[in-house]
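Peer 1: What follows is model_13.pdb; its format and atoms are PDB, C-alpha atoms.
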```pdb
ATOM      1  CA  MET A   1       0.000   0.000   0.000  1.00  0.00           C
ATOM      2  CA  SER A   2       1.694   3.197  -1.103  1.00  0.00           C
ATOM      3  CA  ASN A   3       2.402   5.301   1.924  1.00  0.00           C
ATOM      4  CA  SER A   4       2.124   8.545   0.057  1.00  0.00           C
ATOM      5  CA  LEU A   5      -0.793  10.901   0.428  1.00  0.00           C
ATOM      6  CA  ASP A   6      -3.531   9.566  -1.742  1.00  0.00           C
ATOM      7  CA  LYS A   7      -6.233  11.135  -3.803  1.00  0.00           C
ATOM      8  CA  LYS A   8      -8.916  10.757  -1.113  1.00  0.00           C
ATOM      9  CA  ASP A   9      -6.746  12.359   1.603  1.00  0.00           C
ATOM     10  CA  PHE A  10      -6.067  15.263  -0.738  1.00  0.00           C
ATOM     11  CA  GLN A  11      -9.771  15.773  -1.495  1.00  0.00           C
ATOM     12  CA  ILE A  12     -10.564  15.728   2.237  1.00  0.00           C
ATOM     13  CA  LEU A  13      -7.850  18.294   3.013  1.00  0.00           C
ATOM     14  CA  PHE A  14      -9.057  20.508   0.160  1.00  0.00           C
ATOM     15  CA  GLY A  15     -12.623  20.197   1.441  1.00  0.00           C
ATOM     16  CA  LYS A  16     -11.617  21.241   4.951  1.00  0.00           C
ATOM     17  CA  GLN A  17      -9.757  24.245   3.547  1.00  0.00           C
ATOM     18  CA  LEU A  18     -12.855  25.255   1.552  1.00  0.00           C
ATOM     19  CA  GLU A  19     -15.038  24.919   4.648  1.00  0.00           C
ATOM     20  CA  LYS A  20     -12.592  27.058   6.628  1.00  0.00           C
ATOM     21  CA  PHE A  21     -12.856  29.917   4.119  1.00  0.00           C
ATOM     22  CA  ARG A  22     -16.623  29.569   3.653  1.00  0.00           C
ATOM     23  CA  THR A  23     -17.325  29.718   7.400  1.00  0.00           C
ATOM     24  CA  ALA A  24     -14.773  32.478   7.934  1.00  0.00           C
ATOM     25  CA  LYS A  25     -16.809  34.548   5.473  1.00  0.00           C
ATOM     26  CA  ASN A  26     -20.069  33.522   7.160  1.00  0.00           C
ATOM     27  CA  LEU A  27     -21.442  32.016   3.994  1.00  0.00           C
ATOM     28  CA  SER A  28     -23.940  29.158   3.950  1.00  0.00           C
ATOM     29  CA  TYR A  29     -23.677  26.425   1.297  1.00  0.00           C
ATOM     30  CA  ARG A  30     -26.480  28.153  -0.578  1.00  0.00           C
ATOM     31  CA  GLN A  31     -24.904  31.600  -0.410  1.00  0.00           C
ATOM     32  CA  LEU A  32     -21.529  30.327  -1.647  1.00  0.00           C
ATOM     33  CA  ALA A  33     -23.234  28.198  -4.296  1.00  0.00           C
ATOM     34  CA  GLN A  34     -25.065  31.240  -5.667  1.00  0.00           C
ATOM     35  CA  ARG A  35     -21.755  33.135  -5.975  1.00  0.00           C
ATOM     36  CA  CYS A  36     -20.077  30.230  -7.725  1.00  0.00           C
ATOM     37  CA  ASP A  37     -22.670  29.007 -10.165  1.00  0.00           C
ATOM     38  CA  LEU A  38     -22.450  25.612  -8.413  1.00  0.00           C
ATOM     39  CA  ASP A  39     -25.202  23.677  -6.638  1.00  0.00           C
ATOM     40  CA  HIS A  40     -25.241  23.894  -2.848  1.00  0.00           C
ATOM     41  CA  SER A  41     -25.135  20.091  -2.649  1.00  0.00           C
ATOM     42  CA  ASP A  42     -21.906  20.215  -4.714  1.00  0.00           C
ATOM     43  CA  ILE A  43     -20.339  22.470  -2.100  1.00  0.00           C
ATOM     44  CA  SER A  44     -21.251  20.059   0.682  1.00  0.00           C
ATOM     45  CA  LYS A  45     -19.831  17.074  -1.230  1.00  0.00           C
ATOM     46  CA  ILE A  46     -16.612  18.968  -2.027  1.00  0.00           C
ATOM     47  CA  GLU A  47     -16.183  19.886   1.644  1.00  0.00           C
ATOM     48  CA  LYS A  48     -16.601  16.227   2.624  1.00  0.00           C
ATOM     49  CA  GLY A  49     -13.868  15.258   0.165  1.00  0.00           C
ATOM     50  CA  GLU A  50     -16.315  13.290  -1.960  1.00  0.00           C
ATOM     51  CA  THR A  51     -15.629  15.047  -5.266  1.00  0.00           C
ATOM     52  CA  ASN A  52     -12.560  15.124  -7.470  1.00  0.00           C
ATOM     53  CA  ILE A  53     -13.265  18.616  -8.746  1.00  0.00           C
ATOM     54  CA  GLN A  54     -11.745  20.229 -11.811  1.00  0.00           C
ATOM     55  CA  LEU A  55      -9.751  23.438 -12.268  1.00  0.00           C
ATOM     56  CA  SER A  56     -12.925  25.223 -13.426  1.00  0.00           C
ATOM     57  CA  SER A  57     -14.582  24.557 -10.053  1.00  0.00           C
ATOM     58  CA  VAL A  58     -11.425  25.685  -8.238  1.00  0.00           C
ATOM     59  CA  LEU A  59     -11.689  28.959 -10.163  1.00  0.00           C
ATOM     60  CA  GLN A  60     -15.427  29.274  -9.434  1.00  0.00           C
ATOM     61  CA  LEU A  61     -14.897  28.664  -5.712  1.00  0.00           C
ATOM     62  CA  SER A  62     -12.033  31.172  -5.487  1.00  0.00           C
ATOM     63  CA  LYS A  63     -14.189  33.768  -7.258  1.00  0.00           C
ATOM     64  CA  GLY A  64     -17.122  33.025  -4.957  1.00  0.00           C
ATOM     65  CA  LEU A  65     -14.887  33.422  -1.914  1.00  0.00           C
ATOM     66  CA  ASN A  66     -12.917  36.257  -3.510  1.00  0.00           C
ATOM     67  CA  ILE A  67      -9.601  34.614  -2.688  1.00  0.00           C
ATOM     68  CA  HIS A  68      -6.645  33.555  -4.833  1.00  0.00           C
ATOM     69  CA  PRO A  69      -6.940  29.852  -5.795  1.00  0.00           C
ATOM     70  CA  SER A  70      -3.550  29.054  -4.244  1.00  0.00           C
ATOM     71  CA  GLU A  71      -5.131  29.816  -0.859  1.00  0.00           C
ATOM     72  CA  LEU A  72      -7.518  26.905  -1.357  1.00  0.00           C
ATOM     73  CA  PHE A  73      -4.431  24.687  -1.515  1.00  0.00           C
ATOM     74  CA  ASN A  74      -2.589  26.365   1.339  1.00  0.00           C
ATOM     75  CA  PHE A  75      -2.995  23.512   3.763  1.00  0.00           C
ATOM     76  CA  GLU A  76      -0.343  21.605   5.606  1.00  0.00           C
ATOM     77  CA  PHE A  77       0.461  18.137   4.310  1.00  0.00           C
ATOM     78  CA  HIS A  78       3.433  16.102   3.258  1.00  0.00           C
ATOM     79  CA  LEU A  79       3.607  14.513  -0.178  1.00  0.00           C
ATOM     80  CA  ASP A  80       4.818  11.373   1.632  1.00  0.00           C
ATOM     81  CA  LYS A  81       2.924  10.454   4.802  1.00  0.00           C
ATOM     82  CA  GLU A  82       5.297  10.073   7.798  1.00  0.00           C
TER      83      GLU A  82
ATOM     84  CA  MET B   1     -19.274  38.790 -22.211  1.00  0.00           C
ATOM     85  CA  SER B   2     -18.227  38.485 -18.598  1.00  0.00           C
ATOM     86  CA  ASN B   3     -15.018  40.367 -18.081  1.00  0.00           C
ATOM     87  CA  SER B   4     -13.822  38.087 -15.353  1.00  0.00           C
ATOM     88  CA  LEU B   5     -11.058  35.584 -15.810  1.00  0.00           C
ATOM     89  CA  ASP B   6     -12.555  32.617 -17.488  1.00  0.00           C
ATOM     90  CA  LYS B   7     -11.948  28.938 -17.344  1.00  0.00           C
ATOM     91  CA  LYS B   8      -9.702  28.878 -20.405  1.00  0.00           C
ATOM     92  CA  ASP B   9      -7.471  31.716 -19.142  1.00  0.00           C
ATOM     93  CA  PHE B  10      -7.109  29.858 -15.857  1.00  0.00           C
ATOM     94  CA  GLN B  11      -6.126  26.598 -17.557  1.00  0.00           C
ATOM     95  CA  ILE B  12      -3.541  28.464 -19.655  1.00  0.00           C
ATOM     96  CA  LEU B  13      -2.041  30.178 -16.600  1.00  0.00           C
ATOM     97  CA  PHE B  14      -1.927  26.858 -14.740  1.00  0.00           C
ATOM     98  CA  GLY B  15      -0.249  25.236 -17.744  1.00  0.00           C
ATOM     99  CA  LYS B  16       2.431  27.918 -17.904  1.00  0.00           C
ATOM    100  CA  GLN B  17       3.096  27.483 -14.192  1.00  0.00           C
ATOM    101  CA  LEU B  18       3.474  23.723 -14.676  1.00  0.00           C
ATOM    102  CA  GLU B  19       5.857  24.264 -17.591  1.00  0.00           C
ATOM    103  CA  LYS B  20       7.908  26.686 -15.479  1.00  0.00           C
ATOM    104  CA  PHE B  21       8.415  24.064 -12.747  1.00  0.00           C
ATOM    105  CA  ARG B  22       9.004  21.188 -15.176  1.00  0.00           C
ATOM    106  CA  THR B  23      11.706  23.077 -17.096  1.00  0.00           C
ATOM    107  CA  ALA B  24      13.259  24.451 -13.902  1.00  0.00           C
ATOM    108  CA  LYS B  25      13.752  20.826 -12.836  1.00  0.00           C
ATOM    109  CA  ASN B  26      15.071  19.896 -16.299  1.00  0.00           C
ATOM    110  CA  LEU B  27      12.400  17.290 -16.825  1.00  0.00           C
ATOM    111  CA  SER B  28      11.082  16.312 -20.237  1.00  0.00           C
ATOM    112  CA  TYR B  29       7.379  15.565 -20.718  1.00  0.00           C
ATOM    113  CA  ARG B  30       8.235  11.858 -20.599  1.00  0.00           C
ATOM    114  CA  GLN B  31      10.316  12.123 -17.437  1.00  0.00           C
ATOM    115  CA  LEU B  32       7.634  14.076 -15.592  1.00  0.00           C
ATOM    116  CA  ALA B  33       4.929  11.760 -16.943  1.00  0.00           C
ATOM    117  CA  GLN B  34       6.768   8.726 -15.565  1.00  0.00           C
ATOM    118  CA  ARG B  35       6.916  10.328 -12.116  1.00  0.00           C
ATOM    119  CA  CYS B  36       3.239  11.219 -12.171  1.00  0.00           C
ATOM    120  CA  ASP B  37       1.600   8.144 -13.620  1.00  0.00           C
ATOM    121  CA  LEU B  38       0.233  10.372 -16.416  1.00  0.00           C
ATOM    122  CA  ASP B  39       0.820  10.115 -20.142  1.00  0.00           C
ATOM    123  CA  HIS B  40       3.415  12.482 -21.623  1.00  0.00           C
ATOM    124  CA  SER B  41       0.808  13.753 -24.091  1.00  0.00           C
ATOM    125  CA  ASP B  42      -1.381  14.677 -21.082  1.00  0.00           C
ATOM    126  CA  ILE B  43       1.423  16.832 -19.719  1.00  0.00           C
ATOM    127  CA  SER B  44       1.759  18.664 -23.022  1.00  0.00           C
ATOM    128  CA  LYS B  45      -2.006  19.276 -23.242  1.00  0.00           C
ATOM    129  CA  ILE B  46      -2.143  20.514 -19.638  1.00  0.00           C
ATOM    130  CA  GLU B  47       0.725  22.916 -20.308  1.00  0.00           C
ATOM    131  CA  LYS B  48      -1.116  24.299 -23.347  1.00  0.00           C
ATOM    132  CA  GLY B  49      -4.195  24.912 -21.202  1.00  0.00           C
ATOM    133  CA  GLU B  50      -6.212  22.378 -23.137  1.00  0.00           C
ATOM    134  CA  THR B  51      -7.278  20.238 -20.192  1.00  0.00           C
ATOM    135  CA  ASN B  52      -9.561  20.964 -17.256  1.00  0.00           C
ATOM    136  CA  ILE B  53      -7.679  18.644 -14.924  1.00  0.00           C
ATOM    137  CA  GLN B  54      -8.961  17.293 -11.622  1.00  0.00           C
ATOM    138  CA  LEU B  55      -7.569  17.503  -8.086  1.00  0.00           C
ATOM    139  CA  SER B  56      -6.085  14.001  -8.477  1.00  0.00           C
ATOM    140  CA  SER B  57      -3.905  15.196 -11.364  1.00  0.00           C
ATOM    141  CA  VAL B  58      -2.890  18.290  -9.390  1.00  0.00           C
ATOM    142  CA  LEU B  59      -1.727  15.938  -6.629  1.00  0.00           C
ATOM    143  CA  GLN B  60       0.090  13.657  -9.122  1.00  0.00           C
ATOM    144  CA  LEU B  61       1.875  16.622 -10.725  1.00  0.00           C
ATOM    145  CA  SER B  62       2.931  18.090  -7.391  1.00  0.00           C
ATOM    146  CA  LYS B  63       4.293  14.675  -6.335  1.00  0.00           C
ATOM    147  CA  GLY B  64       6.131  14.298  -9.644  1.00  0.00           C
ATOM    148  CA  LEU B  65       7.664  17.747  -9.247  1.00  0.00           C
ATOM    149  CA  ASN B  66       8.065  17.314  -5.486  1.00  0.00           C
ATOM    150  CA  ILE B  67       6.435  20.659  -4.781  1.00  0.00           C
ATOM    151  CA  HIS B  68       3.433  21.676  -2.683  1.00  0.00           C
ATOM    152  CA  PRO B  69       0.276  21.878  -4.856  1.00  0.00           C
ATOM    153  CA  SER B  70      -0.313  25.505  -3.867  1.00  0.00           C
ATOM    154  CA  GLU B  71       2.870  26.359  -5.797  1.00  0.00           C
ATOM    155  CA  LEU B  72       1.186  25.175  -8.990  1.00  0.00           C
ATOM    156  CA  PHE B  73      -1.408  27.873  -8.384  1.00  0.00           C
ATOM    157  CA  ASN B  74       1.046  30.567  -7.326  1.00  0.00           C
ATOM    158  CA  PHE B  75       0.684  32.639 -10.443  1.00  0.00           C
ATOM    159  CA  GLU B  76      -0.285  36.232 -10.747  1.00  0.00           C
ATOM    160  CA  PHE B  77      -3.815  36.961 -11.926  1.00  0.00           C
ATOM    161  CA  HIS B  78      -6.821  38.986 -10.922  1.00  0.00           C
ATOM    162  CA  LEU B  79     -10.174  37.315 -10.394  1.00  0.00           C
ATOM    163  CA  ASP B  80     -11.632  40.190 -12.428  1.00  0.00           C
ATOM    164  CA  LYS B  81      -9.685  41.176 -15.557  1.00  0.00           C
ATOM    165  CA  GLU B  82      -8.775  44.887 -15.516  1.00  0.00           C
TER     166      GLU B  82
END
```
Kindly transcribe the structure held in the file into C-alpha cells.

Peer 2:
Amino acid sequence: MSNSLDKKDFQILFGKQLEKFRTAKNLSYRQLAQRCDLDHSDISKIEKGETNIQLSSVLQLSKGLNIHPSELFNFEFHLDKE
Amino acid sequence: MSNSLDKKDFQILFGKQLEKFRTAKNLSYRQLAQRCDLDHSDISKIEKGETNIQLSSVLQLSKGLNIHPSELFNFEFHLDKE
C-alpha cells in the first residue's frame, strides 16, 4: 500500500480548507453556491472530500470566496505520509 | 461577455506554471509523466491549457515535481480582468 498521500486524503484536506474559508466569510452552502454558479449540494460534497473537482470549479470557488486559488491549496500536508 | 477571468485563461495560466516548474527541474514531458503516472501527451495538453484537470492530477503533478500543490497555483492573476 503506497504510503504517500492519496487522492482521497487530498480531497478531504481541500474540502476542509474550503469549509474554513466559507465559514470564515459567514457564507452558507447556498450563499456560496449562488456566488459560484455551483449547486449547494456540490459544495457540501466537495467539503466532505467526496468530489474530485476540476480546475474550473477551483476557479469558481475562489471567485465566490474572492480569494486567490492558491489559498484553497494552502494547507499543511506532506507529499509522503510520515 | 463576462469580463472576469474565465476557465480557459485559468487553464492556460496553470499550464504555464506547470511548464515553469518542469523546465526548472530539467524534466522532459516523458520524465515528468513517468513520475506522475500520467501520459506524456497529457502533460503537453495541460501545459497548453487544453485540459480541465482534476484535483487528483494536481496531486500527481505536485508529487512528480516534489512541490506543494499551492505552488502550482502561485501565479499572478486577478479574479476580475482589468

Peer 1: Need to verify the contact set: Ile12 of chain A, 9 Å, all atoms listed in the file, exclusion of same-chain residues closer than 4 positions in sequence. Can you return it as an mmCIF file with C-alpha atoms, keeping the file's coordinate frame?

Peer 2:
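around.cif was written with the following content:
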```cif
data_model
loop_
_atom_site.group_PDB
_atom_site.id
_atom_site.type_symbol
_atom_site.label_atom_id
_atom_site.label_comp_id
_atom_site.auth_asym_id
_atom_site.auth_seq_id
_atom_site.Cartn_x
_atom_site.Cartn_y
_atom_site.Cartn_z
ATOM 1 C CA LYS A 7 -6.233 11.135 -3.803
ATOM 2 C CA LYS A 8 -8.916 10.757 -1.113
ATOM 3 C CA LYS A 16 -11.617 21.241 4.951
ATOM 4 C CA GLN A 17 -9.757 24.245 3.547
ATOM 5 C CA ILE A 46 -16.612 18.968 -2.027
ATOM 6 C CA GLU A 47 -16.183 19.886 1.644
ATOM 7 C CA LYS A 48 -16.601 16.227 2.624
ATOM 8 C CA GLY A 49 -13.868 15.258 0.165
ATOM 9 C CA GLU A 50 -16.315 13.290 -1.960
#
```

Peer 1: Starting from the ChimeraX specification (/B :<7) & /A, expand the selection into actual residues of this file and give them as number ranges by chain.

Peer 2: A: 7, 52-56, 63, 69-70, 73-74, 79

Peer 1: Might you spell out which residues the PyMOL selection byres ((chain A and resi 29) around 9) would select in the displayed file, as a PyMOL selection string?

Peer 2: chain A and resi 22+27-28+30-34+39-44

Peer 1: Could you tell me how far atom CA of Leu65 of chain B lies from atom CA of Asp37 of chain B, in Å and to one decimal?

Peer 2: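 If I compute the distance from atom CA of Leu65 of chain B to atom CA of Asp37 of chain B, I get 12.2 Å.
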
Peer 1: Just give me the gap between atom CA of Lys45 of chain A and atom CA of Asn26 of chain A in Å, one decimal is fine.

Peer 2: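 A separation of 18.5 Å between them.
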